[in-house]
Amino acid sequence: MKLILINPRNRVSLYGDYLWEPLALAYVAAATPGHWDVELIDEQCEGARDYRNVEADLVGLTAFTTQATRAYQIASEFRSRGIPVVMGGIHASLVPDEAAQYADALFIGECEAKWPDVIADVEQGRLAKRYDGGTTGGALLNPDRKIFRKYRYEYVSAQTSRGCPMDCSFCSVTVFNGRLFRMREVEEVVAEIAAIPDRDI
């Protein structure tokens with residue numbers, strides 16, 4: 001079965017004109033069972049495109065708020081052909097009532113614990129309207145960077161921790177990742193960085 005992960009065009013980038021790997025989607029790929037074929041379409045690299053000829057059994061969309069309008073357009077294209085769309089990321093997690101109008105299912109929070117449930121439900125034809133991944137509360141997966149090979153990125157990133165103990169009123173990190181500050185084992189981080197061929201990390 002085929003999973004298409006899409007990073008919608010973002011005209012208001014936090015990083016200027018630089019291209020950064022959408023690391024969150026690599027975590028989704030890592031949490032997807034191995035018998036699925038996973039492909040990334042990154043509109044930051046190739047621009048907004050037409051999806052009428054793109055076939056999939058499931059589409060996964062992520063979005064910051066600045067990407068939400070484009071994400072909704074993409075979702076509509078696939079849903080009009082009966083291809084189910086799951087939307088996750090910070091925007092869907094913080095304004096789920098809005099996002100639910102444009103997707104078949106929402107994925108709230110982090111993917112590691114519950115994403116395999118989404119896949120199992122798709123395989124059995126019983127996709128729920130909402131899945132709550134919460135915070136992992138345990139070991140973090142290594143991202144599956146194979147999905148990035150088709151593109152050339154200027155910068156890559158590696159996650160060493162999640163969450164923040166502060167809870168600043170202006171910040172979305174605590175709302176999304178919780179106040180539980182989780183650090184990866186140093187050896188895991190070193191091994192991941194050593195396996196990345198790029199030197200700008």
# chains A, B, ... in the order shown; residues from 1 in each chain; ligands from 1

$ residues_around --residues "Glu77 (chain A)" --least-positions-apart "5" --cutoff "9 Å" --atoms "only C-alpha atoms" --output "JSON, numbers by chain"
{"A": [50, 51, 52, 72, 83]}

$ write_last_selection --atoms "N, CA, C and O atoms" --output "CSV table (one decimal), in the first residue's frame"
chain,number,residue,atom,x,y,z
A,50,ASP,N,-0.1,19.9,-9.2
A,50,ASP,CA,-1.4,19.3,-9.5
A,50,ASP,C,-1.3,17.8,-9.0
A,50,ASP,O,-0.3,17.1,-9.3
A,51,TYR,N,-2.3,17.4,-8.2
A,51,TYR,CA,-2.2,16.0,-7.7
A,51,TYR,C,-3.2,15.1,-8.4
A,51,TYR,O,-3.4,13.9,-7.9
A,52,ARG,N,-3.8,15.5,-9.5
A,52,ARG,CA,-4.8,14.6,-10.1
A,52,ARG,C,-4.3,13.3,-10.5
A,52,ARG,O,-5.1,12.3,-10.6
A,72,TYR,N,-5.3,22.6,3.0
A,72,TYR,CA,-6.7,22.3,2.8
A,72,TYR,C,-7.0,22.1,1.3
A,72,TYR,O,-7.9,21.3,0.9
A,83,ILE,N,-9.7,9.3,-1.9
A,83,ILE,CA,-8.4,8.9,-1.2
A,83,ILE,C,-8.4,9.6,0.1
A,83,ILE,O,-8.5,10.8,0.3

$ closest_atom_pairs --of "region 29-138 of chain A" --to "region 8-13 of chain A" --cutoff "12 Å" --atoms "only C-alpha atoms" --output "tab-separated table"
residue	atom	partner	partner_atom	distance
A:Leu40	CA	A:Pro8	CA	10.8
A:Ile41	CA	A:Pro8	CA	8.3
A:Asp42	CA	A:Pro8	CA	6.6
A:Glu43	CA	A:Arg9	CA	4.8
A:Gln44	CA	A:Arg9	CA	5.1
A:Cys45	CA	A:Arg9	CA	8.5
A:Glu46	CA	A:Arg9	CA	8.8
A:Gly47	CA	A:Arg9	CA	6.4
A:Ala48	CA	A:Arg9	CA	6.0
A:Arg49	CA	A:Arg9	CA	9.4
A:Gly60	CA	A:Pro8	CA	10.8
A:Leu61	CA	A:Pro8	CA	7.6
A:Thr62	CA	A:Pro8	CA	7.4
A:Ala63	CA	A:Pro8	CA	6.9
A:Phe64	CA	A:Asn10	CA	8.3
A:Thr65	CA	A:Asn10	CA	9.2
A:Thr66	CA	A:Asn10	CA	6.2
A:Gln67	CA	A:Asn10	CA	5.1
A:Ala68	CA	A:Pro8	CA	8.1
A:Thr69	CA	A:Pro8	CA	9.1
A:Arg70	CA	A:Pro8	CA	6.1
A:Ala71	CA	A:Pro8	CA	5.7
A:Tyr72	CA	A:Pro8	CA	9.4
A:Gln73	CA	A:Pro8	CA	9.5
A:Ile74	CA	A:Pro8	CA	8.0
A:Ala75	CA	A:Pro8	CA	10.3
A:Met87	CA	A:Pro8	CA	11.4
A:Gly89	CA	A:Pro8	CA	11.6

$ residues_around --residues "region 114-126 of chain A" --least-positions-apart "6" --cutoff "8 Å" --atoms "only C-alpha atoms" --output "JSON, numbers by chain"
{"A": [28, 31, 32, 33, 58, 132, 133]}

$ closest_residue --among "A:Tyr155, A:Gly88, A:Asp37, A:Lys2" --to "Glu55 (chain A)" --atoms "only C-alpha atoms"
A:Lys2

$ atom_distance --atom1 "CA of Ile201 (chain A)" --atom2 "CA of Ala158 (chain A)"
7.1 Å

$ atom_distance --atom1 "CA of Glu154 (chain A)" --atom2 "CA of Ser172 (chain A)"
25.6 Å

$ residues_around --residues "Cys168 (chain A)" --least-positions-apart "6" --cutoff "12 Å" --atoms "only C-alpha atoms" --output "PyMOL selection string"
chain A and resi 174-175+178-179

$ select_by_dssp --residues "region 8-185 of chain A" --states "helix (DSSP H, G or I)" --output "number ranges by chain"
A: 23-31, 43-46, 65-79, 90-94, 96-99, 115-123, 145-148, 173-177

$ select_by_dssp --residues "region 15-66 of chain A" --states "strand (DSSP E or B)" --output "MDAnalysis selection string"
chainID A and resid 20 37:42 58:62

$ write_last_selection --atoms "N, CA and C atoms" --output "PDB file, in the first residue's frame"
ATOM      1  N   TRP A  20      14.788  23.364   4.344  1.00  0.00           N
ATOM      2  CA  TRP A  20      15.049  22.487   5.472  1.00  0.00           C
ATOM      3  C   TRP A  20      14.234  21.216   5.324  1.00  0.00           C
ATOM      4  N   ASP A  37       4.686   1.426   1.196  1.00  0.00           N
ATOM      5  CA  ASP A  37       5.599   2.261   0.409  1.00  0.00           C
ATOM      6  C   ASP A  37       5.325   3.708   0.798  1.00  0.00           C
ATOM      7  N   VAL A  38       6.359   4.415   1.259  1.00  0.00           N
ATOM      8  CA  VAL A  38       6.195   5.793   1.726  1.00  0.00           C
ATOM      9  C   VAL A  38       6.937   6.735   0.796  1.00  0.00           C
ATOM     10  N   GLU A  39       6.245   7.763   0.334  1.00  0.00           N
ATOM     11  CA  GLU A  39       6.852   8.762  -0.550  1.00  0.00           C
ATOM     12  C   GLU A  39       6.562  10.154  -0.014  1.00  0.00           C
ATOM     13  N   LEU A  40       7.566  11.024  -0.081  1.00  0.00           N
ATOM     14  CA  LEU A  40       7.417  12.419   0.309  1.00  0.00           C
ATOM     15  C   LEU A  40       7.231  13.291  -0.930  1.00  0.00           C
ATOM     16  N   ILE A  41       6.293  14.221  -0.843  1.00  0.00           N
ATOM     17  CA  ILE A  41       6.192  15.307  -1.822  1.00  0.00           C
ATOM     18  C   ILE A  41       6.368  16.595  -1.040  1.00  0.00           C
ATOM     19  N   ASP A  42       7.454  17.302  -1.313  1.00  0.00           N
ATOM     20  CA  ASP A  42       7.769  18.531  -0.590  1.00  0.00           C
ATOM     21  C   ASP A  42       7.588  19.721  -1.531  1.00  0.00           C
ATOM     22  N   LEU A  58      -3.342   6.346   1.110  1.00  0.00           N
ATOM     23  CA  LEU A  58      -3.500   7.273   2.223  1.00  0.00           C
ATOM     24  C   LEU A  58      -2.592   8.463   1.983  1.00  0.00           C
ATOM     25  N   VAL A  59      -3.091   9.650   2.329  1.00  0.00           N
ATOM     26  CA  VAL A  59      -2.294  10.875   2.241  1.00  0.00           C
ATOM     27  C   VAL A  59      -2.161  11.449   3.641  1.00  0.00           C
ATOM     28  N   GLY A  60      -0.933  11.798   4.011  1.00  0.00           N
ATOM     29  CA  GLY A  60      -0.666  12.449   5.284  1.00  0.00           C
ATOM     30  C   GLY A  60      -0.179  13.863   5.041  1.00  0.00           C
ATOM     31  N   LEU A  61      -0.843  14.844   5.619  1.00  0.00           N
ATOM     32  CA  LEU A  61      -0.489  16.256   5.460  1.00  0.00           C
ATOM     33  C   LEU A  61      -0.072  16.834   6.800  1.00  0.00           C
ATOM     34  N   THR A  62       0.991  17.631   6.783  1.00  0.00           N
ATOM     35  CA  THR A  62       1.367  18.394   7.957  1.00  0.00           C
ATOM     36  C   THR A  62       1.239  19.866   7.601  1.00  0.00           C
TER      37      THR A  62
END
